[in-house]
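Source file run-v7.cif; content: mmCIF, C-alpha atoms.
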data_my_file
loop_
_atom_site.label_atom_id
_atom_site.label_comp_id
_atom_site.auth_asym_id
_atom_site.auth_seq_id
_atom_site.Cartn_x
_atom_site.Cartn_y
_atom_site.Cartn_z
CA MET A 1 -38.20 0.32 18.99
CA PRO A 2 -35.42 2.87 18.28
CA MET A 3 -33.76 3.01 14.89
CA ASP A 4 -30.50 1.11 14.52
CA ILE A 5 -28.27 4.11 13.71
CA ARG A 6 -24.51 3.59 13.44
CA GLY A 7 -22.06 6.47 13.23
CA ILE A 8 -22.44 10.02 12.06
CA ALA A 9 -20.78 12.03 9.29
CA PRO A 10 -21.54 15.76 9.56
CA LEU A 11 -21.55 17.73 6.30
CA LEU A 12 -19.79 21.11 6.41
CA GLN A 13 -20.23 23.71 3.69
CA VAL A 14 -16.80 25.15 2.78
CA PHE A 15 -15.78 28.19 0.76
CA ASP A 16 -12.45 26.95 -0.55
CA MET A 17 -12.28 23.16 -0.92
CA PRO A 18 -8.49 22.98 -1.46
CA ALA A 19 -7.89 25.04 1.72
CA ALA A 20 -10.32 22.85 3.68
CA ILE A 21 -8.67 19.67 2.37
CA ARG A 22 -5.21 20.98 3.29
CA PHE A 23 -6.44 21.64 6.83
CA TYR A 24 -8.31 18.38 7.44
CA ARG A 25 -5.96 16.08 5.50
CA ASP A 26 -2.52 17.67 5.82
CA VAL A 27 -2.82 19.20 9.30
CA LEU A 28 -5.30 16.97 11.14
CA GLY A 29 -4.48 13.73 9.31
CA PHE A 30 -7.85 12.78 7.83
CA GLU A 31 -7.85 10.45 4.81
CA VAL A 32 -9.87 11.56 1.80
CA SER A 33 -12.07 8.49 1.39
CA GLY A 34 -14.20 9.69 -1.49
CA THR A 35 -14.73 12.67 -3.78
CA SER A 36 -17.35 13.83 -6.26
CA GLN A 37 -14.85 13.63 -9.12
CA PRO A 38 -11.24 12.64 -9.77
CA GLY A 39 -8.35 15.02 -9.23
CA ASP A 40 -7.98 17.80 -6.67
CA ASP A 41 -10.77 20.11 -7.88
CA TYR A 42 -13.96 18.60 -6.50
CA ASN A 43 -17.14 19.86 -4.84
CA TRP A 44 -17.63 17.11 -2.25
CA ALA A 45 -15.24 15.02 -0.19
CA GLY A 46 -15.68 12.32 2.43
CA LEU A 47 -13.01 12.18 5.13
CA LYS A 48 -12.13 9.49 7.71
CA LEU A 49 -9.74 9.27 10.65
CA ASN A 50 -9.78 6.55 13.31
CA GLY A 51 -13.53 6.02 13.09
CA ALA A 52 -14.38 9.73 12.84
CA GLU A 53 -16.13 10.71 9.61
CA LEU A 54 -16.75 14.11 8.08
CA MET A 55 -18.00 15.36 4.73
CA LEU A 56 -17.10 18.65 3.04
CA ASN A 57 -19.15 20.28 0.31
CA THR A 58 -18.46 23.51 -1.55
CA ALA A 59 -20.85 26.27 -0.48
CA TYR A 60 -21.10 27.64 -4.03
CA GLU A 61 -21.12 26.30 -7.55
CA ALA A 62 -17.84 27.24 -9.27
CA ASP A 63 -19.48 29.88 -11.48
CA GLN A 64 -21.34 31.45 -8.53
CA ARG A 65 -18.54 31.60 -5.96
CA PRO A 66 -17.83 35.17 -4.77
CA PRO A 67 -14.20 36.36 -4.69
CA VAL A 68 -14.11 36.30 -0.85
CA PRO A 69 -16.14 34.49 1.81
CA ASP A 70 -19.30 36.17 3.06
CA PRO A 71 -18.39 37.44 6.59
CA ALA A 72 -21.92 36.80 7.89
CA ARG A 73 -21.83 33.21 6.68
CA VAL A 74 -18.41 32.59 8.29
CA ALA A 75 -19.58 34.22 11.55
CA ALA A 76 -22.61 31.89 11.61
CA HIS A 77 -20.26 28.89 11.52
CA ALA A 78 -19.12 29.78 15.04
CA ASP A 79 -22.37 28.13 16.20
CA THR A 80 -20.98 24.77 15.09
CA ILE A 81 -18.33 22.94 17.10
CA LEU A 82 -17.29 19.38 16.35
CA PHE A 83 -15.92 17.45 19.34
CA PHE A 84 -13.27 14.77 18.82
CA GLY A 85 -11.74 12.41 21.36
CA CYS A 86 -7.97 12.95 21.50
CA GLU A 87 -5.98 11.46 24.35
CA ASP A 88 -2.67 13.34 24.04
CA LEU A 89 -3.83 16.95 23.93
CA ASP A 90 -0.40 18.33 24.75
CA ALA A 91 1.02 16.64 21.65
CA ALA A 92 -1.99 17.83 19.61
CA TYR A 93 -1.31 21.39 20.83
CA ARG A 94 2.34 21.19 19.75
CA HIS A 95 1.33 19.67 16.40
CA LEU A 96 -1.16 22.44 15.66
CA ARG A 97 1.33 25.13 16.70
CA THR A 98 3.96 23.54 14.43
CA HIS A 99 1.48 24.02 11.58
CA GLY A 100 1.13 27.71 12.47
CA LEU A 101 -2.35 27.58 13.99
CA PRO A 102 -3.11 30.15 16.70
CA VAL A 103 -4.24 27.75 19.42
CA LYS A 104 -4.17 28.23 23.17
CA GLU A 105 -2.91 25.52 25.50
CA PRO A 106 -5.44 22.87 26.53
CA LYS A 107 -7.51 23.68 29.60
CA ILE A 108 -9.63 21.58 31.93
CA ALA A 109 -13.33 22.45 31.80
CA PRO A 110 -15.39 22.52 35.02
CA TYR A 111 -17.07 19.26 33.98
CA GLY A 112 -13.80 17.30 33.94
CA MET A 113 -12.73 17.36 30.30
CA LYS A 114 -9.31 18.58 29.13
CA GLN A 115 -10.00 20.51 25.93
CA LEU A 116 -8.16 22.15 23.05
CA TYR A 117 -10.05 24.40 20.64
CA VAL A 118 -9.16 25.40 17.08
CA THR A 119 -11.07 26.96 14.20
CA ASP A 120 -10.97 25.55 10.68
CA PRO A 121 -10.50 27.75 7.57
CA ASP A 122 -14.28 28.27 7.30
CA GLY A 123 -14.82 29.31 10.91
CA TYR A 124 -16.14 26.00 12.24
CA GLY A 125 -14.97 25.19 15.74
CA LEU A 126 -13.19 21.96 16.57
CA CYS A 127 -12.66 20.78 20.12
CA PHE A 128 -10.24 17.98 20.90
CA GLN A 129 -10.95 16.58 24.33
CA TRP A 130 -10.19 13.79 26.77
CA PRO A 131 -11.32 13.01 30.32
CA ALA A 132 -9.21 14.79 32.93
CA THR A 133 -10.80 13.32 36.04
CA GLN A 134 -11.39 9.76 37.14
CA GLN A 135 -15.13 10.33 37.12
CA THR A 136 -15.21 11.51 33.49
CA TYR A 137 -12.76 8.80 32.43
CA ASP A 138 -14.96 6.13 34.04
CA GLN A 139 -17.96 7.54 32.15
CA TRP A 140 -16.00 7.22 28.89
CA VAL A 141 -15.09 3.62 29.79
CA THR A 142 -18.79 2.84 29.88
CA THR A 143 -19.85 5.03 26.94
CA TYR A 144 -16.97 4.50 24.50
CA GLY A 145 -15.45 1.20 25.60
CA LEU A 146 -12.11 2.53 26.84
CA GLU A 147 -9.94 0.21 28.88
CA PRO A 148 -10.49 0.83 32.61
CA LYS A 149 -7.51 2.44 34.34
CA THR A 150 -6.64 4.89 37.05
CA ILE A 151 -5.73 8.34 35.75
CA ALA A 152 -3.71 10.98 37.55
#
Kindly transcribe the structure held in the file into structure tokens.
Amino acid sequence: MPMDIRGIAPLLQVFDMPAAIRFYRDVLGFEVSGTSQPGDDYNWAGLKLNGAELMLNTAYEADQRPPVPDPARVAAHADTILFFGCEDLDAAYRHLRTHGLPVKEPKIAPYGMKQLYVTDPDGYGLCFQWPATQQTYDQWVTTYGLEPKTIA
């Protein structure tokens, strides 16, 4: 019998917690649902947005943090991409551009997903995506419980 697992909350190691919080909370709209201590100077934070969950943890103890991020560590973060469902990618693109992020317009991947990529302050990739073909939309109806409809 498989385990009864519900949800997932990836933990990302971040260099600068205030910068990460500004990005995830103030730009993307996540709610800070929990922290390791009161105030704005904490080492761990739980974030939530519309059923998506994410945790952030400082990569270094305060007394061991180097003055700048380690380039090799940041480069290694490129191996991690978090995928989020986001129906209105054109609005998401405009929103991210309004916040000064260097994003390219959404594109349709060969497998039928419209996608918009951005990198967070620590070099982790984020992909916002939504079905762009009827076939992929119908798969999401089954997998994620979307309302059936015909898409253009």
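Evaluated on this file, the PyMOL selection byres ((chain A and resi 72-86) around 6) matches A:Asp70, A:Pro71, A:Glu87, A:Asp88, A:Gly123, A:Tyr124, A:Gly125, A:Leu126, A:Cys127, A:Phe128, A:Gln129, A:Trp130.
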Nearest to Arg97 in chain A: which of A:Asp40, A:Tyr137, A:Val118, A:Gly112 is it, counting all atoms listed in the file? A:Val118
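Here the question is which of A:Phe30, A:Phe15, A:Phe23, A:Trp140 gets nearest to Arg65 in chain A using all atoms listed in the file, and that residue is A:Phe15.
For the set A:Pro10, A:Gly39, A:Pro2, A:Gly46, the residue with the smallest atom-to-atom gap to Arg25 in chain A is A:Gly46, counting all atoms listed in the file.
Coordinates place CA of Leu28 in chain A at a distance of 26.1 Å from CA of Ile151 in chain A.
Evaluated on this file, the PyMOL selection byres ((chain A and resi 42) around 10) matches Met17, Pro18, Thr35, Ser36, Gln37, Pro38, Gly39, Asp40, Asp41, Asn43, Trp44, Ala45, Asn57, Thr58 and Ala62 of chain A.
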Between CA of Ile8 in chain A and CA of Tyr60 in chain A, what is the spacing in Å? 23.9 Å
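The residue that comes closest to Leu47 in chain A, out of A:Leu11, A:Ala59, A:Val68, A:Leu116 and on the basis of all atoms listed in the file, is A:Leu11.
What separates CA of Ala20 in chain A from CA of Lys104 in chain A is a distance of 21.1 Å.
The protein and nucleic acid residues lying at most 10 Å from Tyr111 in chain A are Ile108, Lys114, Pro131, Ala132, Thr133, Gln135 and Thr136 of chain A, with all atoms listed in the file considered and sequence neighbours fewer than 3 positions away removed.
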Would you compute, for all listed atoms of range 17-24 of chain A, the axis-aligned bounding box grown by 5 Å on each side, and then report its centre and edge lengths in Å rounded to one decimal, as JSON?
{"center_x": -8.7, "center_y": 21.7, "center_z": 3.0, "size_x": 17.1, "size_y": 16.7, "size_z": 18.9}
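Candidate residues A:Leu54, A:Ala109, A:Pro102, A:Pro121 were compared for distance to Gly7 in chain A, and the nearest is A:Leu54, using only C-alpha atoms.
Ranking A:Leu89, A:Leu96, A:Ala52, A:Met1 by their shortest atom-to-atom distance to Met113 in chain A, with only C-alpha atoms included, puts A:Leu89 first.
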